[in-house]
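Dumped my_file.pdb below, it's PDB, N, CA and C atoms, pLDDT in the B column:
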ATOM      1  N   MET A  16     -61.358  82.043 -95.399  1.00 88.00           N
ATOM      2  CA  MET A  16     -62.335  81.162 -94.792  1.00 88.00           C
ATOM      3  C   MET A  16     -63.656  81.244 -95.557  1.00 88.00           C
ATOM      4  N   GLU A  17     -64.039  82.468 -95.908  1.00 92.00           N
ATOM      5  CA  GLU A  17     -65.300  82.665 -96.631  1.00 92.00           C
ATOM      6  C   GLU A  17     -65.304  81.910 -97.957  1.00 92.00           C
ATOM      7  N   GLU A  18     -64.210  82.024 -98.684  1.00 94.00           N
ATOM      8  CA  GLU A  18     -64.108  81.375 -99.988  1.00 94.00           C
ATOM      9  C   GLU A  18     -64.157  79.847 -99.861  1.00 94.00           C
ATOM     10  N   ILE A  19     -63.466  79.326 -98.880  1.00 93.00           N
ATOM     11  CA  ILE A  19     -63.443  77.874 -98.683  1.00 93.00           C
ATOM     12  C   ILE A  19     -64.822  77.370 -98.274  1.00 93.00           C
ATOM     13  N   ALA A  20     -65.455  78.079 -97.342  1.00 93.00           N
ATOM     14  CA  ALA A  20     -66.796  77.684 -96.905  1.00 93.00           C
ATOM     15  C   ALA A  20     -67.773  77.685 -98.078  1.00 93.00           C
ATOM     16  N   GLU A  21     -67.666  78.694 -98.913  1.00 96.00           N
ATOM     17  CA  GLU A  21     -68.551  78.791-100.081  1.00 96.00           C
ATOM     18  C   GLU A  21     -68.343  77.602-101.014  1.00 96.00           C
ATOM     19  N   LYS A  22     -67.101  77.245-101.258  1.00 95.00           N
ATOM     20  CA  LYS A  22     -66.808  76.114-102.157  1.00 95.00           C
ATOM     21  C   LYS A  22     -67.301  74.787-101.579  1.00 95.00           C
ATOM     22  N   LEU A  23     -67.308  74.693-100.250  1.00 95.00           N
ATOM     23  CA  LEU A  23     -67.765  73.463 -99.593  1.00 95.00           C
ATOM     24  C   LEU A  23     -69.265  73.463 -99.319  1.00 95.00           C
ATOM     25  N   HIS A  24     -69.913  74.593 -99.616  1.00 96.00           N
ATOM     26  CA  HIS A  24     -71.354  74.735 -99.395  1.00 96.00           C
ATOM     27  C   HIS A  24     -71.732  74.575 -97.924  1.00 96.00           C
ATOM     28  N   VAL A  25     -70.911  75.205 -97.064  1.00 96.00           N
ATOM     29  CA  VAL A  25     -71.200  75.241 -95.629  1.00 96.00           C
ATOM     30  C   VAL A  25     -71.026  76.681 -95.157  1.00 96.00           C
ATOM     31  N   THR A  26     -71.492  76.961 -93.951  1.00 96.00           N
ATOM     32  CA  THR A  26     -71.309  78.305 -93.415  1.00 96.00           C
ATOM     33  C   THR A  26     -69.891  78.455 -92.875  1.00 96.00           C
ATOM     34  N   GLU A  27     -69.440  79.693 -92.783  1.00 95.00           N
ATOM     35  CA  GLU A  27     -68.115  79.949 -92.208  1.00 95.00           C
ATOM     36  C   GLU A  27     -68.050  79.469 -90.770  1.00 95.00           C
ATOM     37  N   GLU A  28     -69.139  79.686 -90.029  1.00 95.00           N
ATOM     38  CA  GLU A  28     -69.182  79.276 -88.622  1.00 95.00           C
ATOM     39  C   GLU A  28     -69.020  77.765 -88.481  1.00 95.00           C
ATOM     40  N   TYR A  29     -69.712  77.019 -89.326  1.00 96.00           N
ATOM     41  CA  TYR A  29     -69.604  75.564 -89.285  1.00 96.00           C
ATOM     42  C   TYR A  29     -68.186  75.125 -89.627  1.00 96.00           C
ATOM     43  N   LEU A  30     -67.648  75.689 -90.701  1.00 95.00           N
ATOM     44  CA  LEU A  30     -66.289  75.328 -91.116  1.00 95.00           C
ATOM     45  C   LEU A  30     -65.287  75.663 -90.022  1.00 95.00           C
ATOM     46  N   SER A  31     -65.429  76.824 -89.424  1.00 94.00           N
ATOM     47  CA  SER A  31     -64.528  77.247 -88.351  1.00 94.00           C
ATOM     48  C   SER A  31     -64.590  76.287 -87.168  1.00 94.00           C
ATOM     49  N   THR A  32     -65.793  75.918 -86.781  1.00 95.00           N
ATOM     50  CA  THR A  32     -65.974  74.991 -85.656  1.00 95.00           C
ATOM     51  C   THR A  32     -65.355  73.636 -85.960  1.00 95.00           C
ATOM     52  N   GLN A  33     -65.615  73.117 -87.151  1.00 96.00           N
ATOM     53  CA  GLN A  33     -65.073  71.819 -87.529  1.00 96.00           C
ATOM     54  C   GLN A  33     -63.557  71.851 -87.657  1.00 96.00           C
ATOM     55  N   PHE A  34     -63.044  72.925 -88.202  1.00 95.00           N
ATOM     56  CA  PHE A  34     -61.602  73.074 -88.356  1.00 95.00           C
ATOM     57  C   PHE A  34     -60.922  73.029 -86.999  1.00 95.00           C
ATOM     58  N   ARG A  35     -61.456  73.786 -86.058  1.00 96.00           N
ATOM     59  CA  ARG A  35     -60.868  73.824 -84.716  1.00 96.00           C
ATOM     60  C   ARG A  35     -60.997  72.475 -84.013  1.00 96.00           C
ATOM     61  N   LYS A  36     -62.124  71.828 -84.216  1.00 97.00           N
ATOM     62  CA  LYS A  36     -62.349  70.516 -83.596  1.00 97.00           C
ATOM     63  C   LYS A  36     -61.323  69.500 -84.103  1.00 97.00           C
ATOM     64  N   GLU A  37     -61.024  69.557 -85.396  1.00 96.00           N
ATOM     65  CA  GLU A  37     -60.099  68.600 -86.013  1.00 96.00           C
ATOM     66  C   GLU A  37     -58.628  68.919 -85.765  1.00 96.00           C
ATOM     67  N   THR A  38     -58.286  70.206 -85.727  1.00 96.00           N
ATOM     68  CA  THR A  38     -56.875  70.584 -85.639  1.00 96.00           C
ATOM     69  C   THR A  38     -56.442  71.095 -84.275  1.00 96.00           C
ATOM     70  N   GLY A  39     -57.411  71.554 -83.466  1.00 97.00           N
ATOM     71  CA  GLY A  39     -57.066  72.140 -82.176  1.00 97.00           C
ATOM     72  C   GLY A  39     -56.627  73.591 -82.289  1.00 97.00           C
ATOM     73  N   ARG A  40     -56.662  74.118 -83.500  1.00 96.00           N
ATOM     74  CA  ARG A  40     -56.264  75.509 -83.757  1.00 96.00           C
ATOM     75  C   ARG A  40     -57.331  76.170 -84.619  1.00 96.00           C
ATOM     76  N   THR A  41     -57.383  77.482 -84.530  1.00 95.00           N
ATOM     77  CA  THR A  41     -58.294  78.191 -85.420  1.00 95.00           C
ATOM     78  C   THR A  41     -57.677  78.256 -86.811  1.00 95.00           C
ATOM     79  N   PHE A  42     -58.512  78.582 -87.779  1.00 93.00           N
ATOM     80  CA  PHE A  42     -58.046  78.735 -89.144  1.00 93.00           C
ATOM     81  C   PHE A  42     -56.992  79.838 -89.213  1.00 93.00           C
ATOM     82  N   THR A  43     -57.257  80.948 -88.536  1.00 92.00           N
ATOM     83  CA  THR A  43     -56.334  82.079 -88.529  1.00 92.00           C
ATOM     84  C   THR A  43     -54.996  81.700 -87.905  1.00 92.00           C
ATOM     85  N   GLU A  44     -55.021  80.974 -86.797  1.00 95.00           N
ATOM     86  CA  GLU A  44     -53.777  80.528 -86.155  1.00 95.00           C
ATOM     87  C   GLU A  44     -52.981  79.618 -87.091  1.00 95.00           C
ATOM     88  N   THR A  45     -53.671  78.772 -87.806  1.00 95.00           N
ATOM     89  CA  THR A  45     -53.009  77.851 -88.730  1.00 95.00           C
ATOM     90  C   THR A  45     -52.351  78.596 -89.880  1.00 95.00           C
ATOM     91  N   ILE A  46     -53.074  79.542 -90.467  1.00 94.00           N
ATOM     92  CA  ILE A  46     -52.508  80.335 -91.563  1.00 94.00           C
ATOM     93  C   ILE A  46     -51.323  81.152 -91.070  1.00 94.00           C
ATOM     94  N   ARG A  47     -51.460  81.742 -89.898  1.00 96.00           N
ATOM     95  CA  ARG A  47     -50.368  82.544 -89.329  1.00 96.00           C
ATOM     96  C   ARG A  47     -49.128  81.677 -89.112  1.00 96.00           C
ATOM     97  N   GLY A  48     -49.318  80.492 -88.569  1.00 97.00           N
ATOM     98  CA  GLY A  48     -48.199  79.572 -88.351  1.00 97.00           C
ATOM     99  C   GLY A  48     -47.518  79.178 -89.654  1.00 97.00           C
ATOM    100  N   TYR A  49     -48.320  78.918 -90.676  1.00 97.00           N
ATOM    101  CA  TYR A  49     -47.767  78.574 -91.990  1.00 97.00           C
ATOM    102  C   TYR A  49     -46.937  79.738 -92.527  1.00 97.00           C
ATOM    103  N   ARG A  50     -47.473  80.947 -92.409  1.00 97.00           N
ATOM    104  CA  ARG A  50     -46.766  82.122 -92.913  1.00 97.00           C
ATOM    105  C   ARG A  50     -45.451  82.338 -92.167  1.00 97.00           C
ATOM    106  N   ILE A  51     -45.445  82.151 -90.861  1.00 98.00           N
ATOM    107  CA  ILE A  51     -44.217  82.325 -90.074  1.00 98.00           C
ATOM    108  C   ILE A  51     -43.167  81.318 -90.522  1.00 98.00           C
ATOM    109  N   GLU A  52     -43.558  80.088 -90.735  1.00 98.00           N
ATOM    110  CA  GLU A  52     -42.608  79.069 -91.203  1.00 98.00           C
ATOM    111  C   GLU A  52     -42.067  79.415 -92.588  1.00 98.00           C
ATOM    112  N   ARG A  53     -42.925  79.937 -93.442  1.00 98.00           N
ATOM    113  CA  ARG A  53     -42.485  80.351 -94.786  1.00 98.00           C
ATOM    114  C   ARG A  53     -41.485  81.493 -94.692  1.00 98.00           C
ATOM    115  N   ILE A  54     -41.754  82.447 -93.819  1.00 98.00           N
ATOM    116  CA  ILE A  54     -40.830  83.566 -93.615  1.00 98.00           C
ATOM    117  C   ILE A  54     -39.484  83.050 -93.123  1.00 98.00           C
ATOM    118  N   LYS A  55     -39.491  82.143 -92.172  1.00 98.00           N
ATOM    119  CA  LYS A  55     -38.240  81.568 -91.660  1.00 98.00           C
ATOM    120  C   LYS A  55     -37.436  80.921 -92.790  1.00 98.00           C
ATOM    121  N   GLU A  56     -38.125  80.140 -93.625  1.00 97.00           N
ATOM    122  CA  GLU A  56     -37.452  79.487 -94.750  1.00 97.00           C
ATOM    123  C   GLU A  56     -36.814  80.516 -95.680  1.00 97.00           C
ATOM    124  N   LEU A  57     -37.575  81.545 -96.021  1.00 98.00           N
ATOM    125  CA  LEU A  57     -37.075  82.553 -96.951  1.00 98.00           C
ATOM    126  C   LEU A  57     -35.951  83.381 -96.344  1.00 98.00           C
ATOM    127  N   LEU A  58     -36.018  83.640 -95.054  1.00 97.00           N
ATOM    128  CA  LEU A  58     -34.954  84.405 -94.392  1.00 97.00           C
ATOM    129  C   LEU A  58     -33.639  83.646 -94.393  1.00 97.00           C
ATOM    130  N   THR A  59     -33.704  82.344 -94.211  1.00 97.00           N
ATOM    131  CA  THR A  59     -32.470  81.560 -94.120  1.00 97.00           C
ATOM    132  C   THR A  59     -31.964  81.085 -95.478  1.00 97.00           C
ATOM    133  N   ALA A  60     -32.863  80.947 -96.448  1.00 97.00           N
ATOM    134  CA  ALA A  60     -32.465  80.403 -97.751  1.00 97.00           C
ATOM    135  C   ALA A  60     -32.152  81.471 -98.798  1.00 97.00           C
ATOM    136  N   THR A  61     -32.510  82.727 -98.509  1.00 96.00           N
ATOM    137  CA  THR A  61     -32.305  83.783 -99.498  1.00 96.00           C
ATOM    138  C   THR A  61     -31.713  85.024 -98.824  1.00 96.00           C
ATOM    139  N   ASN A  62     -31.321  85.955 -99.645  1.00 96.00           N
ATOM    140  CA  ASN A  62     -30.896  87.268 -99.161  1.00 96.00           C
ATOM    141  C   ASN A  62     -31.904  88.336 -99.570  1.00 96.00           C
ATOM    142  N   TRP A  63     -33.118  87.917 -99.877  1.00 97.00           N
ATOM    143  CA  TRP A  63     -34.143  88.827-100.353  1.00 97.00           C
ATOM    144  C   TRP A  63     -34.515  89.842 -99.284  1.00 97.00           C
ATOM    145  N   LYS A  64     -34.980  90.995 -99.753  1.00 97.00           N
ATOM    146  CA  LYS A  64     -35.440  92.042 -98.854  1.00 97.00           C
ATOM    147  C   LYS A  64     -36.766  91.630 -98.226  1.00 97.00           C
ATOM    148  N   LEU A  65     -37.072  92.270 -97.097  1.00 97.00           N
ATOM    149  CA  LEU A  65     -38.300  91.946 -96.379  1.00 97.00           C
ATOM    150  C   LEU A  65     -39.552  92.223 -97.211  1.00 97.00           C
ATOM    151  N   THR A  66     -39.484  93.185 -98.104  1.00 97.00           N
ATOM    152  CA  THR A  66     -40.632  93.486 -98.963  1.00 97.00           C
ATOM    153  C   THR A  66     -41.005  92.263 -99.802  1.00 97.00           C
ATOM    154  N   LYS A  67     -40.017  91.628-100.396  1.00 98.00           N
ATOM    155  CA  LYS A  67     -40.256  90.442-101.227  1.00 98.00           C
ATOM    156  C   LYS A  67     -40.705  89.263-100.372  1.00 98.00           C
ATOM    157  N   ILE A  68     -40.076  89.082 -99.225  1.00 98.00           N
ATOM    158  CA  ILE A  68     -40.443  87.981 -98.330  1.00 98.00           C
ATOM    159  C   ILE A  68     -41.875  88.154 -97.843  1.00 98.00           C
ATOM    160  N   ALA A  69     -42.235  89.364 -97.473  1.00 98.00           N
ATOM    161  CA  ALA A  69     -43.603  89.630 -97.018  1.00 98.00           C
ATOM    162  C   ALA A  69     -44.605  89.261 -98.101  1.00 98.00           C
ATOM    163  N   GLU A  70     -44.314  89.683 -99.312  1.00 97.00           N
ATOM    164  CA  GLU A  70     -45.205  89.394-100.434  1.00 97.00           C
ATOM    165  C   GLU A  70     -45.371  87.889-100.641  1.00 97.00           C
ATOM    166  N   LEU A  71     -44.269  87.160-100.605  1.00 97.00           N
ATOM    167  CA  LEU A  71     -44.313  85.711-100.827  1.00 97.00           C
ATOM    168  C   LEU A  71     -44.974  84.957 -99.678  1.00 97.00           C
ATOM    169  N   ALA A  72     -44.988  85.570 -98.498  1.00 97.00           N
ATOM    170  CA  ALA A  72     -45.612  84.935 -97.340  1.00 97.00           C
ATOM    171  C   ALA A  72     -47.069  85.360 -97.170  1.00 97.00           C
ATOM    172  N   GLY A  73     -47.553  86.223 -98.057  1.00 96.00           N
ATOM    173  CA  GLY A  73     -48.954  86.601 -98.001  1.00 96.00           C
ATOM    174  C   GLY A  73     -49.254  87.876 -97.249  1.00 96.00           C
ATOM    175  N   TYR A  74     -48.242  88.671 -96.970  1.00 97.00           N
ATOM    176  CA  TYR A  74     -48.436  89.952 -96.290  1.00 97.00           C
ATOM    177  C   TYR A  74     -48.241  91.088 -97.282  1.00 97.00           C
ATOM    178  N   THR A  75     -49.070  92.118 -97.184  1.00 95.00           N
ATOM    179  CA  THR A  75     -48.931  93.268 -98.068  1.00 95.00           C
ATOM    180  C   THR A  75     -48.021  94.338 -97.474  1.00 95.00           C
ATOM    181  N   ASP A  76     -47.813  94.268 -96.166  1.00 97.00           N
ATOM    182  CA  ASP A  76     -47.012  95.285 -95.477  1.00 97.00           C
ATOM    183  C   ASP A  76     -45.857  94.619 -94.726  1.00 97.00           C
ATOM    184  N   PRO A  77     -44.607  94.881 -95.137  1.00 97.00           N
ATOM    185  CA  PRO A  77     -43.473  94.253 -94.465  1.00 97.00           C
ATOM    186  C   PRO A  77     -43.337  94.660 -92.991  1.00 97.00           C
ATOM    187  N   LYS A  78     -43.768  95.862 -92.642  1.00 97.00           N
ATOM    188  CA  LYS A  78     -43.703  96.280 -91.233  1.00 97.00           C
ATOM    189  C   LYS A  78     -44.662  95.465 -90.383  1.00 97.00           C
ATOM    190  N   TYR A  79     -45.863  95.231 -90.917  1.00 98.00           N
ATOM    191  CA  TYR A  79     -46.829  94.401 -90.199  1.00 98.00           C
ATOM    192  C   TYR A  79     -46.312  92.968 -90.089  1.00 98.00           C
ATOM    193  N   MET A  80     -45.743  92.461 -91.181  1.00 98.00           N
ATOM    194  CA  MET A  80     -45.166  91.123 -91.155  1.00 98.00           C
ATOM    195  C   MET A  80     -44.106  91.020 -90.064  1.00 98.00           C
ATOM    196  N   SER A  81     -43.260  92.032 -89.966  1.00 98.00           N
ATOM    197  CA  SER A  81     -42.200  92.029 -88.953  1.00 98.00           C
ATOM    198  C   SER A  81     -42.778  92.010 -87.545  1.00 98.00           C
ATOM    199  N   ARG A  82     -43.851  92.758 -87.344  1.00 97.00           N
ATOM    200  CA  ARG A  82     -44.484  92.794 -86.015  1.00 97.00           C
ATOM    201  C   ARG A  82     -45.069  91.427 -85.657  1.00 97.00           C
ATOM    202  N   VAL A  83     -45.769  90.819 -86.600  1.00 97.00           N
ATOM    203  CA  VAL A  83     -46.342  89.496 -86.378  1.00 97.00           C
ATOM    204  C   VAL A  83     -45.229  88.479 -86.128  1.00 97.00           C
ATOM    205  N   PHE A  84     -44.181  88.550 -86.919  1.00 98.00           N
ATOM    206  CA  PHE A  84     -43.054  87.634 -86.775  1.00 98.00           C
ATOM    207  C   PHE A  84     -42.449  87.747 -85.376  1.00 98.00           C
ATOM    208  N   LYS A  85     -42.278  88.976 -84.894  1.00 98.00           N
ATOM    209  CA  LYS A  85     -41.707  89.176 -83.559  1.00 98.00           C
ATOM    210  C   LYS A  85     -42.640  88.650 -82.482  1.00 98.00           C
ATOM    211  N   GLU A  86     -43.939  88.850 -82.644  1.00 96.00           N
ATOM    212  CA  GLU A  86     -44.907  88.312 -81.682  1.00 96.00           C
ATOM    213  C   GLU A  86     -44.796  86.797 -81.582  1.00 96.00           C
ATOM    214  N   GLU A  87     -44.581  86.160 -82.716  1.00 96.00           N
ATOM    215  CA  GLU A  87     -44.548  84.696 -82.759  1.00 96.00           C
ATOM    216  C   GLU A  87     -43.200  84.102 -82.356  1.00 96.00           C
ATOM    217  N   THR A  88     -42.103  84.782 -82.705  1.00 97.00           N
ATOM    218  CA  THR A  88     -40.778  84.192 -82.506  1.00 97.00           C
ATOM    219  C   THR A  88     -39.945  84.872 -81.425  1.00 97.00           C
ATOM    220  N   GLY A  89     -40.347  86.086 -81.053  1.00 97.00           N
ATOM    221  CA  GLY A  89     -39.574  86.823 -80.055  1.00 97.00           C
ATOM    222  C   GLY A  89     -38.418  87.620 -80.646  1.00 97.00           C
ATOM    223  N   MET A  90     -38.290  87.603 -81.971  1.00 97.00           N
ATOM    224  CA  MET A  90     -37.237  88.396 -82.601  1.00 97.00           C
ATOM    225  C   MET A  90     -37.720  88.933 -83.945  1.00 97.00           C
ATOM    226  N   LEU A  91     -37.074  90.001 -84.365  1.00 97.00           N
ATOM    227  CA  LEU A  91     -37.394  90.576 -85.660  1.00 97.00           C
ATOM    228  C   LEU A  91     -36.844  89.689 -86.779  1.00 97.00           C
ATOM    229  N   PRO A  92     -37.408  89.792 -87.975  1.00 98.00           N
ATOM    230  CA  PRO A  92     -36.931  88.944 -89.071  1.00 98.00           C
ATOM    231  C   PRO A  92     -35.429  89.037 -89.337  1.00 98.00           C
ATOM    232  N   LEU A  93     -34.876  90.249 -89.322  1.00 96.00           N
ATOM    233  CA  LEU A  93     -33.438  90.359 -89.595  1.00 96.00           C
ATOM    234  C   LEU A  93     -32.596  89.786 -88.469  1.00 96.00           C
ATOM    235  N   GLU A  94     -33.081  89.845 -87.245  1.00 97.00           N
ATOM    236  CA  GLU A  94     -32.396  89.190 -86.128  1.00 97.00           C
ATOM    237  C   GLU A  94     -32.407  87.678 -86.334  1.00 97.00           C
ATOM    238  N   TYR A  95     -33.557  87.165 -86.767  1.00 97.00           N
ATOM    239  CA  TYR A  95     -33.682  85.730 -87.045  1.00 97.00           C
ATOM    240  C   TYR A  95     -32.711  85.325 -88.148  1.00 97.00           C
ATOM    241  N   ARG A  96     -32.631  86.138 -89.200  1.00 97.00           N
ATOM    242  CA  ARG A  96     -31.737  85.835 -90.317  1.00 97.00           C
ATOM    243  C   ARG A  96     -30.285  85.788 -89.824  1.00 97.00           C
ATOM    244  N   LYS A  97     -29.860  86.756 -89.025  1.00 95.00           N
ATOM    245  CA  LYS A  97     -28.483  86.779 -88.511  1.00 95.00           C
ATOM    246  C   LYS A  97     -28.188  85.560 -87.668  1.00 95.00           C
ATOM    247  N   LYS A  98     -29.136  85.191 -86.805  1.00 95.00           N
ATOM    248  CA  LYS A  98     -28.928  84.073 -85.899  1.00 95.00           C
ATOM    249  C   LYS A  98     -28.954  82.719 -86.616  1.00 95.00           C
ATOM    250  N   ASN A  99     -29.777  82.601 -87.632  1.00 93.00           N
ATOM    251  CA  ASN A  99     -29.987  81.310 -88.282  1.00 93.00           C
ATOM    252  C   ASN A  99     -29.473  81.219 -89.713  1.00 93.00           C
ATOM    253  N   GLY A 100     -28.930  82.301 -90.230  1.00 74.00           N
ATOM    254  CA  GLY A 100     -28.544  82.340 -91.644  1.00 74.00           C
ATOM    255  C   GLY A 100     -27.158  81.960 -91.921  1.00 74.00           C
TER     256      GLY A 100
END
Structure re-expressed in structure tokens:
Amino acid sequence: MEEIAEKLHVTEEYLSTQFRKETGRTFTETIRGYRIERIKELLTATNWKLTKIAELAGYTDPKYMSRVFKEETGMLPLEYRKKNG
């Protein structure tokens, strides 16, 4: 958010407010949703390990990624892969 606001020559607060007004979601919620969808795609389209999937989805820690994924989907990544793969 900081980098984008700087490039647009606006404050983070202004950008955050406008983003939410336009999308109905916070910037963080939007990024999280994008990452979850990317993880789903990679889980079903590849046999890659969670370490690689986490990296490609923008997470540095696969355990944290798994926790976030479960919060959002109700299942762990490998459970999702079994059910949808």
Query - All helix (DSSP H, G or I) residues (DSSP, backbone) inside chain A, as a VMD selection string - result: chain A and resid 17 to 23 27 to 38 42 to 60 65 to 71 77 to 88 92 to 99
**Report entry** Expansion of the PyMOL selection byres (((chain A and resi 76-78 and name CA) around 12) and name CA) into residues, as a list in words
**Finding:**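 This file gives the following for the PyMOL selection byres (((chain A and resi 76-78 and name CA) around 12) and name CA): Ile54, Lys64, Leu65, Thr66, Lys67, Ile68, Ala69, Glu70, Leu71, Ala72, Gly73, Tyr74, Thr75, Tyr79, Met80, Ser81, Arg82, Val83, Phe84, Lys85, Leu91, Pro92 and Leu93 of chain A.
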Query raised in the report: What does the distance between atom C of Glu37 (chain A) and atom N of Leu23 (chain A) come to in Å, to one decimal place?
Result: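 Calculated distance between atom C of Glu37 (chain A) and atom N of Leu23 (chain A) is 17.8 Å.
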Report task. Report the distance between atom N of Glu86 (chain A) and atom N of Glu44 (chain A) in Å, rounded to one decimal place. Result ->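 Computing the Euclidean distance for atom N of Glu86 (chain A) and atom N of Glu44 (chain A) yields 14.2 Å.
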Query raised in the report: Which of these, A:Tyr95, A:Phe42, A:Tyr29, A:Phe34, has the shortest distance to Leu58 (chain A) once you count only C-alpha atoms?
Result: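 Among the listed residues, the smallest separation from Leu58 (chain A) belongs to A:Tyr95.
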Report task. State, in Å with one decimal place, the distance from CA of Arg50 (chain A) to atom N of Glu87 (chain A). Result ->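 Distance reported for this atom pair: 11.2 Å.
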Query - Nearest-residue call for Lys98 (chain A), choices A:Thr32, A:Thr43, A:Thr26, A:Thr59, using only C-alpha atoms - result: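 So, comparing all the options, the nearest one is A:Thr59.
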Query - Matched chain/residue IDs from the PyMOL selection byres (((chain A and resi 17 and name CA) around 10) and name CA), as a ChimeraX atom specification - result: /A:16,18-23,25-28,30-31
Go ahead and write the residues just picked, N, CA and C atoms, as a PDB file, in the frame of the given file.
ATOM      1  N   MET A  16     -61.358  82.043 -95.399  1.00 88.00           N
ATOM      2  CA  MET A  16     -62.335  81.162 -94.792  1.00 88.00           C
ATOM      3  C   MET A  16     -63.656  81.244 -95.557  1.00 88.00           C
ATOM      4  N   GLU A  18     -64.210  82.024 -98.684  1.00 94.00           N
ATOM      5  CA  GLU A  18     -64.108  81.375 -99.988  1.00 94.00           C
ATOM      6  C   GLU A  18     -64.157  79.847 -99.861  1.00 94.00           C
ATOM      7  N   ILE A  19     -63.466  79.326 -98.880  1.00 93.00           N
ATOM      8  CA  ILE A  19     -63.443  77.874 -98.683  1.00 93.00           C
ATOM      9  C   ILE A  19     -64.822  77.370 -98.274  1.00 93.00           C
ATOM     10  N   ALA A  20     -65.455  78.079 -97.342  1.00 93.00           N
ATOM     11  CA  ALA A  20     -66.796  77.684 -96.905  1.00 93.00           C
ATOM     12  C   ALA A  20     -67.773  77.685 -98.078  1.00 93.00           C
ATOM     13  N   GLU A  21     -67.666  78.694 -98.913  1.00 96.00           N
ATOM     14  CA  GLU A  21     -68.551  78.791-100.081  1.00 96.00           C
ATOM     15  C   GLU A  21     -68.343  77.602-101.014  1.00 96.00           C
ATOM     16  N   LYS A  22     -67.101  77.245-101.258  1.00 95.00           N
ATOM     17  CA  LYS A  22     -66.808  76.114-102.157  1.00 95.00           C
ATOM     18  C   LYS A  22     -67.301  74.787-101.579  1.00 95.00           C
ATOM     19  N   LEU A  23     -67.308  74.693-100.250  1.00 95.00           N
ATOM     20  CA  LEU A  23     -67.765  73.463 -99.593  1.00 95.00           C
ATOM     21  C   LEU A  23     -69.265  73.463 -99.319  1.00 95.00           C
ATOM     22  N   VAL A  25     -70.911  75.205 -97.064  1.00 96.00           N
ATOM     23  CA  VAL A  25     -71.200  75.241 -95.629  1.00 96.00           C
ATOM     24  C   VAL A  25     -71.026  76.681 -95.157  1.00 96.00           C
ATOM     25  N   THR A  26     -71.492  76.961 -93.951  1.00 96.00           N
ATOM     26  CA  THR A  26     -71.309  78.305 -93.415  1.00 96.00           C
ATOM     27  C   THR A  26     -69.891  78.455 -92.875  1.00 96.00           C
ATOM     28  N   GLU A  27     -69.440  79.693 -92.783  1.00 95.00           N
ATOM     29  CA  GLU A  27     -68.115  79.949 -92.208  1.00 95.00           C
ATOM     30  C   GLU A  27     -68.050  79.469 -90.770  1.00 95.00           C
ATOM     31  N   GLU A  28     -69.139  79.686 -90.029  1.00 95.00           N
ATOM     32  CA  GLU A  28     -69.182  79.276 -88.622  1.00 95.00           C
ATOM     33  C   GLU A  28     -69.020  77.765 -88.481  1.00 95.00           C
ATOM     34  N   LEU A  30     -67.648  75.689 -90.701  1.00 95.00           N
ATOM     35  CA  LEU A  30     -66.289  75.328 -91.116  1.00 95.00           C
ATOM     36  C   LEU A  30     -65.287  75.663 -90.022  1.00 95.00           C
ATOM     37  N   SER A  31     -65.429  76.824 -89.424  1.00 94.00           N
ATOM     38  CA  SER A  31     -64.528  77.247 -88.351  1.00 94.00           C
ATOM     39  C   SER A  31     -64.590  76.287 -87.168  1.00 94.00           C
TER      40      SER A  31
END
What box, with edges along x, y and z, holds each listed atom of region 81-92 of chain A when 5 Å is added on every side, and can you state its centre and edge lengths in Å to one decimal, as lines of an AutoDock Vina configuration file?
center_x = -40.9
center_y = 88.4
center_z = -85.0
size_x = 20.9
size_y = 18.7
size_z = 19.9
